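Quick notes on the structure that follows.
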2 protein chains.
Amino acid sequence: MTNLTAPHSPSSSVGDYLKAVWELAGDTGEAASTKDVAARLSVSPASVSNMFARLQEMGLVGYERYRGAMLTQSGRVEALRLVRRHRLIETFLLGHLGYSWEEVHEEAERLEHAVSDGFTERLAEFLGHPGHDPHGDPIPTADGALEPDDSFPLGESEAKERVRIYKVSDEDARVLDYLAEHDLVPGRLLEVREIRALDGVVTVKDEDGRVHSLGEPLARSVFVRDEP
Amino acid sequence: MTNLTAPHSPSSSVGDYLKAVWELAGDTGEAASTKDVAARLSVSPASVSNMFARLQEMGLVGYERYRGAMLTQSGRVEALRLVRRHRLIETFLLGHLGYSWEEVHEEAERLEHAVSDGFTERLAEFLGHPGHDPHGDPIPTADGALEPDDSFPLGESEAKERVRIYKVSDEDARVLDYLAEHDLVPGRLLEVREIRALDGVVTVKDEDGRVHSLGEPLARSVFVRDEP
DNA sequence: ATAAAAATTTAGTCTTGCCTAATCTTATAT
DNA sequence: ATATAAGATTAGGCAAGACTAAATTTTTAT
């Protein structure tokens, strides 16, 4: 095959696996399981076993049979390159092309394998070098540094606290749409009124004085940090 | 393989071959030869024979052994979809991301296989639905119509004619750079002063009164139309 | 402690595209 | 008209990645 991918860039499949391992096990020191990676990539477990072995050959993961895989240093770097691409592309699609939350992930997933590092950096320039994507997730820098994320779900905060929305989970597009509609977006300052243990409903007041009652699924999707 | 390409979209290789056939034989009624396609795609002739047979299976080309391939109606539609993508992407890369002529082709070539039709149309919207790419080549419409191109090389015009630059050949980036620097870009109005048969040098005067003498390689790269 | 369930790996295929080497057709030049 | 050259095709392989089915290991539940 004519190699049209950038030099040193592993194939797009390899990248998918690395990113899946990163998303599942990240920097936790845990290994990602065959089953979880298979589910995330919609691929059979057998394919994952196979790929884990190959990734180890390439020095991108540490892998022990029946124990799962964890990223090596170079695997992490490679994964973060893809994450950077993905988040920059999402930022562009949402901010400039009018994509909805629903559509954006799939397109970005496809594009992140096709663009070069050169494209990525020019896009970053075009976007004004954003530090976070529209969900609030931090964008790794070109040299692989990632802002530490010490946010926690709104559901785990305490009444009376003042918190700032750091990110919103990108798992469910409907949740995202609801939150966006109510202006519960990254950067927003909230005052926690009540955390009801009984049903997990969280009541907050936003900067404009509006009060929101969020059930457990919503409260779990909003990640906040304490505001001094 | 997880199918991440848009529905109904042939694989990226298939698209490359269709585009190559279109670029080589276009609507001329001629067939594209194995050798030419092989050279254009940097692939062995054997691979081309193989693919021609497969493309015929799929109804995308008409193919006769030892005679080459020509696009069928549906092959042409598919090729033009890719050409549309390619030209829109180039327009974006050159106009908004600061790419140079030199870099743009390769990146667009890679991207055109990764983007969906949805992306393409949103990009078109973002760009203001341009009818031509920055070289002047017409961009096929979403429904596969392509503006007829009745331009001819500057070298074949006649002295005293007033002509307008329609497009510049994208074959040689150095030529492109020279022409851009001297403002010999699509849309420019020229008055042909002299066509010297001896060495093929063409002398023109541009809208601002500047006079340019273009040797045969340059005169061959500038395509013009008669200006009434 | 052990049987059953769940997770993982191995083994064997398939498809897409590419390659080289060998053969066959067509075109060209005497 | 025919020998040679050029072009195209066939045959046989290889690699990446995916799959299913069967075998194995680990975990869980009694």
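Going by the structure tokens order, chains are called A, B, ..., each with residues numbered from 1, while ligands are numbered from 1 in the order shown.
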
(message) Using only C-alpha atoms (C1' of nucleotides), which protein or nucleic acid residues come within 10 Å of Ala145 in chain B? Drop anything in the same chain fewer than 5 positions from it, and give the result as a PyMOL selection string.
(response) chain B and resi 77+80-81+139-140

Only C-alpha atoms, please: the residues just picked out, written as a compact mmCIF listing (two decimals), in the first residue's frame.
# COMPACT_ATOMS: atom_id res chain seq x y z
CA VAL B 77 -20.51 10.08 -10.17
CA LEU B 80 -16.77 13.49 -9.06
CA ARG B 81 -17.80 13.16 -5.44
CA ILE B 139 -15.77 22.28 -8.09
CA PRO B 140 -18.40 19.70 -9.06

(request) Tell me, as a PyMOL selection string, which residues lie within 9 Å of DA7 in chain C, counting only C-alpha atoms (C1' of nucleotides); anything in the same chain fewer than 3 positions away does not count. (result) (chain A and resi 34-35+66) or (chain D and resi 25-27)

(request) Tell me, in Å to one decimal, how far CA of Thr141 in chain A is from CA of Phe126 in chain B. (result)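 Those two atoms sit 27.0 Å apart.
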
(message) Taking only C-alpha atoms (C1' of nucleotides) into account and nothing else, which residues of chain A lie no more than 10 Å away from chain C? Please answer as an MDAnalysis selection string.
(response) chainID A and resid 1:2 33:35 45:46 48:50 65:68

Based on only C-alpha atoms, which of the residues in chain A come within 6 Å of chain B? I want them as a PDB file with N, CA and C atoms, in the first residue's frame.
ATOM      1  N   LEU A  97     -18.105  24.399  11.939  1.00  0.00           N
ATOM      2  CA  LEU A  97     -18.891  23.759  10.880  1.00  0.00           C
ATOM      3  C   LEU A  97     -20.328  23.467  11.288  1.00  0.00           C
ATOM      4  N   ARG A 110     -13.096   9.491  12.644  1.00  0.00           N
ATOM      5  CA  ARG A 110     -12.639   9.152  11.306  1.00  0.00           C
ATOM      6  C   ARG A 110     -11.494  10.059  10.864  1.00  0.00           C
ATOM      7  N   LEU A 111     -11.664  11.339  11.120  1.00  0.00           N
ATOM      8  CA  LEU A 111     -10.670  12.304  10.655  1.00  0.00           C
ATOM      9  C   LEU A 111      -9.334  12.192  11.382  1.00  0.00           C
ATOM     10  N   ALA A 114      -6.670  10.493   9.596  1.00  0.00           N
ATOM     11  CA  ALA A 114      -6.291  10.919   8.253  1.00  0.00           C
ATOM     12  C   ALA A 114      -5.399  12.150   8.266  1.00  0.00           C
ATOM     13  N   ARG A 122      -1.615  23.321  12.427  1.00  0.00           N
ATOM     14  CA  ARG A 122      -2.221  24.477  11.762  1.00  0.00           C
ATOM     15  C   ARG A 122      -3.647  24.690  12.229  1.00  0.00           C
TER      16      ARG A 122
END

(request) Return the single residue from B:Ile165, B:Leu176, B:Leu24, B:Val61 that is closest to Ser151 in chain B, with distances computed using only C-alpha atoms. (result)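 So, comparing all the options, the nearest one is B:Ile165.
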